[in-house]
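Here the structure comes first, spelled out in structure tokens, and everything after it is commentary.
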Amino acid sequence: MPIVQALLALIAACIGFALLARHARLPYAVVLVLGGMVLAFIPGAPRVELDPDLALAFFLPPLLMASAYRTDWRAFTGNIRPILFLALGAVLFTALCVAFAVLTIIPWLPFSAAIALGAIVAPPDAVAAGAVLQRLRLPKGIVAVLEGESLVNDASALVLYRFAVAATLAGAYSWAEAGFTFLALAIGGAMIGWLVGRGAILAIRRLEDTLLETAMSFIACFASYFAAEFFHVSGVIAVVVTGLVLGRAQHALSARTRRESRVVWEFIEFVLNSLVFILIGLQLNEILGRMEEYGAWQLASCAFVVSAALIVSRFIWVFPASLTPRLVPALARFGSPRPWSHTTIIAWCGMRGVVSLAAALALPVTFPERDLIVFLAFCAILATLVMQGTTLEWLIKRLGVEEKRKPGMSIDEAAARTLIAHAALREMESRAEDLLSGAIAQDLLPEYRDRVRLLDGISQGAIAAERAARLEHRLHALRAGRARLLRHRAEDGVEEELMNRLTEELDLEELRLRRLLGATDA
């Protein structure tokens with residue numbers, strides 16, 4: 001019972017801190033970390049130890065899955081060059097910069113141990129980035145790069161981390177072996193993730209039950225991670241690929257499953273996000289308790305050097321990398337050059353989170369300067385969340401990067417809605433020729449023609465059978481519109497945000513019609 005009570009108390013605290021963050025207009029991840037630090041110093045507060053295996057195996061897969069599930073695949077592939085430059089190149093460069101910076105103040109630390117610290121703090125976290133960016137309306141290109149980077153960079157950082165730890169304990173290392181290991185882990189994880197994703201889709205289509213289909217998505221999430229870990233490949237990559245596969249197939253699911261599973265995933269994501277950040281804050285008391293042999297000035301200087309190297313190295317990498325499309329025209333097709341303001345925002349978005357802390361806590365007990373490395377990792381998480389997270393909104397507004405919501409309907413939205421309306425009208429016109437219920441379809445035609453005219457320019461007392469026929473006509477027309485929208489998406493492409501918005505409208509209308517028809521699965 002104590003663990004249940006503690007968990008409920010933490011969730012209640014998370015709700016309170018989230019409300020405080022909304023009132024103070026701060027990223028709730030920052031408020032949760034600071035709140036956890038405050039709770040850690042309350043006299044009599046229970047000591048909370050975050051098991052690294054639990055953090056990586058329980059928290060990370062569903063959070064990565066949720067991020068990958070809603071990722072815009074077209075935007076991801078369209079920005080693959082900057083994503084890989086950050087997820088691979090920036091991770092290695094940052095790890096090296098942090099390692100050399102640490103060696104200047106802790107010269108007795110082995111080089112491989114310094115690389116391990118660099119690998120721990122190198123990857124910006126998908127959870128932290130999402131928690132900070134969710135309130136901001138950024139250009140879709142920036143969001144695609146940041147979300148894509150945070151989905152992939154954990155794999156590269158964890159491979160480098162495991163290699164550096166092994167090299168430290170063994171006293172030898174080979175960079176060529178590390179590169180080959182990364183490729184093998186990434187390819188193996190991607191294959192397992194794709195197989196699990198395709199298997200989950202086949203199973204979901206045969207379940208025909210919303211609760212079971214939603215449960216299957218969670219099973220797929222953890223199955224891909226544990227299967228990859230069992231075969232000693234990247235569980236992170238496996239979960240991301242599974243999420244991308246399921247995200248691409250979500251429009252083939254039933255309307256009720258799409259609607260309700262989205263709510264369930266949002267709830268789980270909020271709870272796990274909140275617990276992750278508040279648990280990070282609660283670690284401070286435990287970490288400081290093991291640092292008595294170090295002076296306050298020494299700890300402060302080490303934390304400052306690591307945090308400064310972490311932030312500055314990202315700027316040093318991002319700005320030259322953003323010039324590659326101009327210097328190498330052949331790379332322009334993998335991503336167009338960005339304005340300097342967009343590059344600045346990408347460079348400033350380097351919040352760290354649970355992956356860094358879990359990797360630090362997973363260091364072997366005999367690892368050189370283990371307690372100091374764990375402390376420095378915590379300071380890096382805190383510095384990036386507080387410093388970058390709280391100033392990001394100000395920087396975005398200062399640079400004029402935030403997108404303003406335009407009144408009315410966008411061109412893409414108007415085009416998609418017009419296609420849906422025309423497809424629905426054609427379906428209704430064809431049904432108007434039916435000998436049995438064509439008269440009812442004729443009665444509904446003016447409504448659909450009005451919709452088409454509108455988009456091109458920018459009964460009580462009925463018997464039960466007639467009422468049901470009216471609803472059936474509307475349902476078939478709605479499904480025809482959805483089918484045309486899906487073909488439009490496949491042929492010409494539709495932004496994922498717009499696709500989700502239109503699909504949600506069609507889902508709600510379908511659920512309403514099916515409920516009026518008395519469908520048991522509505």
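By convention in this document, the chains of the structure tokens carry letters A, B, ... by their order, each chain's residues are numbered from 1, and ligands are numbered from 1 in the order they are shown.
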
Review point. What's the 6 Å shell around region 160-166 of chain A, counting only C-alpha atoms, without same-chain residues fewer than 4 positions away, as a list of chain:residue names?
Key: A:Ser112, A:Ala116, A:Ala119, A:Ala170

Review point. Got a sec: who's within 12 Å of Trp394 (chain A), counting only C-alpha atoms, leaving out chain neighbours fewer than 5 positions off, as a list in words?
Key: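 Returned residues: Arg25, Leu26, Leu136, Ile345, Trp348, Met387, Gln388, Gly389, Leu399, Gly400, Val401 and Glu402 of chain A.
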
Exercise for review: For each of A:Ile219, A:Thr390, A:Ala252, A:Ile381, take the minimum atom-to-atom distance to Ala21 (chain A), counting only C-alpha atoms, then give the residue where this is smallest.
Suggested key: A:Thr390

May I have a table of the residues of region 392-443 of chain A lying at most 7 Å from region 473-486 of chain A, giving each one's closest pair of atoms and their distance in Å to one decimal, counting only C-alpha atoms, ordered by chain and ascending residue number, as a Markdown table?
| residue | atom | partner | partner_atom | distance |
| --- | --- | --- | --- | --- |
| A:Ala416 | CA | A:Leu485 | CA | 6.8 |
| A:Leu419 | CA | A:Arg484 | CA | 6.9 |
| A:Ile420 | CA | A:Gly481 | CA | 4.3 |
| A:Ala421 | CA | A:Gly481 | CA | 6.7 |
| A:Ala423 | CA | A:Gly481 | CA | 5.2 |
| A:Ala424 | CA | A:Ala477 | CA | 4.5 |
| A:Glu427 | CA | A:Ala477 | CA | 5.7 |
| A:Met428 | CA | A:Ala477 | CA | 6.3 |
| A:Ala441 | CA | A:His473 | CA | 6.9 |

Review point. For Asp209 (chain A), which residue out of A:Ala29, A:Ile11, A:Ala90, A:Leu253 is the nearest one, using only C-alpha atoms?
Key: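 Using only C-alpha atoms, Asp209 (chain A) sits closest to A:Leu253.
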
Hey, which bits of region 135-220 of chain A sit within 10 Å of region 254-260 of chain A, and for each residue what's the closest pair of atoms and how far apart in Å (one decimal), counting only C-alpha atoms, rows by chain and increasing number, as a Markdown table?
| residue | atom | partner | partner_atom | distance |
| --- | --- | --- | --- | --- |
| A:Ile204 | CA | A:Thr257 | CA | 9.9 |
| A:Arg205 | CA | A:Ser254 | CA | 8.8 |
| A:Glu208 | CA | A:Ser254 | CA | 8.3 |
| A:Asp209 | CA | A:Thr257 | CA | 7.9 |
| A:Thr210 | CA | A:Thr257 | CA | 4.9 |
| A:Leu211 | CA | A:Thr257 | CA | 7.8 |
| A:Leu212 | CA | A:Thr257 | CA | 9.4 |
| A:Glu213 | CA | A:Thr257 | CA | 7.0 |
| A:Thr214 | CA | A:Thr257 | CA | 7.0 |

Exercise for review: Please indicate the distance in Å from CA of Tyr448 (chain A) to CA of Glu472 (chain A), rounded to one decimal place.
Suggested key: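 That distance, rounded to one decimal, is 14.8 Å.
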
Exercise for review: Compare A:Gly281, A:Gly493, A:Gly141, A:Gly243 by their minimum atom-to-atom distance to Leu382 (chain A), counting only C-alpha atoms, and give me the closest one.
Suggested key: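 Using only C-alpha atoms, the shortest distance to Leu382 (chain A) belongs to A:Gly281.
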
Review point. Distance CA of Arg417 (chain A)-CA of Glu403 (chain A), one decimal place?
Key: 22.7 Å

Check your understanding: Skipping near chain neighbours, those fewer than 2 positions away, what residues fall within 6 Å of region 266-279 of chain A using only C-alpha atoms, listed as a list in words?
Key ->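 Skipping anything fewer than 2 positions along the chain leaves Cys14, Leu32, Val33, Gly36, Val263, Val264, Gly281 and Leu282 of chain A.
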
Exercise for review: Within 8 Å of Ala228 (chain A), counting only C-alpha atoms, which residues show up once you throw out same-chain ones fewer than 5 positions away? Write them as a VMD selection string, please.
Suggested key: chain A and resid 188 to 189 192 to 193 233 to 235 238

N, CA, C and O atoms of the current selection, written as an mmCIF file, in the first residue's frame:
data_model
loop_
_atom_site.group_PDB
_atom_site.id
_atom_site.type_symbol
_atom_site.label_atom_id
_atom_site.label_comp_id
_atom_site.auth_asym_id
_atom_site.auth_seq_id
_atom_site.Cartn_x
_atom_site.Cartn_y
_atom_site.Cartn_z
ATOM 1 N N GLY A 188 19.153 -3.497 -36.861
ATOM 2 C CA GLY A 188 18.411 -4.553 -36.176
ATOM 3 C C GLY A 188 17.177 -4.023 -35.461
ATOM 4 O O GLY A 188 16.098 -4.618 -35.535
ATOM 5 N N GLY A 189 17.315 -2.884 -34.766
ATOM 6 C CA GLY A 189 16.170 -2.287 -34.077
ATOM 7 C C GLY A 189 15.089 -1.860 -35.046
ATOM 8 O O GLY A 189 13.892 -2.047 -34.777
ATOM 9 N N ILE A 192 13.150 -4.989 -36.309
ATOM 10 C CA ILE A 192 12.230 -5.521 -35.298
ATOM 11 C C ILE A 192 11.047 -4.579 -35.114
ATOM 12 O O ILE A 192 9.890 -5.008 -35.005
ATOM 13 N N GLY A 193 11.306 -3.277 -35.079
ATOM 14 C CA GLY A 193 10.221 -2.312 -34.933
ATOM 15 C C GLY A 193 9.226 -2.386 -36.072
ATOM 16 O O GLY A 193 8.010 -2.308 -35.856
ATOM 17 N N VAL A 233 19.767 -5.421 -29.814
ATOM 18 C CA VAL A 233 19.786 -4.305 -30.766
ATOM 19 C C VAL A 233 19.087 -3.125 -30.101
ATOM 20 O O VAL A 233 18.714 -3.187 -28.926
ATOM 21 N N SER A 234 18.899 -2.044 -30.835
ATOM 22 C CA SER A 234 18.406 -0.801 -30.233
ATOM 23 C C SER A 234 16.904 -0.878 -29.967
ATOM 24 O O SER A 234 16.086 -0.857 -30.887
ATOM 25 N N GLY A 235 16.536 -0.908 -28.683
ATOM 26 C CA GLY A 235 15.133 -0.869 -28.324
ATOM 27 C C GLY A 235 14.497 0.469 -28.616
ATOM 28 O O GLY A 235 13.309 0.554 -28.938
ATOM 29 N N ALA A 238 13.635 0.560 -32.250
ATOM 30 C CA ALA A 238 12.520 -0.356 -32.486
ATOM 31 C C ALA A 238 11.188 0.295 -32.121
ATOM 32 O O ALA A 238 10.210 0.219 -32.878
#

Study note, to complete from the structure: Residue with the minimum atom-to-atom distance to Leu92 (chain A), picked from A:Ser313, A:Thr168, A:Ser322, A:Ser217 with only C-alpha atoms counted, is A:Ser313

Practice item. Would you work out the distance separating CA of Ala414 (chain A) from CA of Arg453 (chain A), expressed in Å to one decimal? Key: 12.3 Å

Point to revise | Spatial neighbours of Met37 (chain A), max dist 12 Å, only C-alpha atoms, sep filter under 2 positions, as a list of chain:residue names | key: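 The residues that qualify are A:Val30, A:Val31, A:Leu32, A:Val33, A:Leu34, A:Gly35, A:Leu39, A:Ala40, A:Phe41, A:Ile42, A:Ala45, A:Arg47, A:Val48, A:Phe277, A:Ile278, A:Leu279, A:Ile280, A:Gly281, A:Leu282, A:Gln283, A:Leu284, A:Asn285, A:Glu286, A:Ile287, A:Leu288, A:Phe378, A:Leu382.
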
Exercise for review: Find, counting only C-alpha atoms, the residue in A:Val306, A:Leu88, A:Ile346, A:Val452 that gets nearest to Phe100 (chain A).
Suggested key: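 Of all the options, A:Val306 lies closest to Phe100 (chain A).
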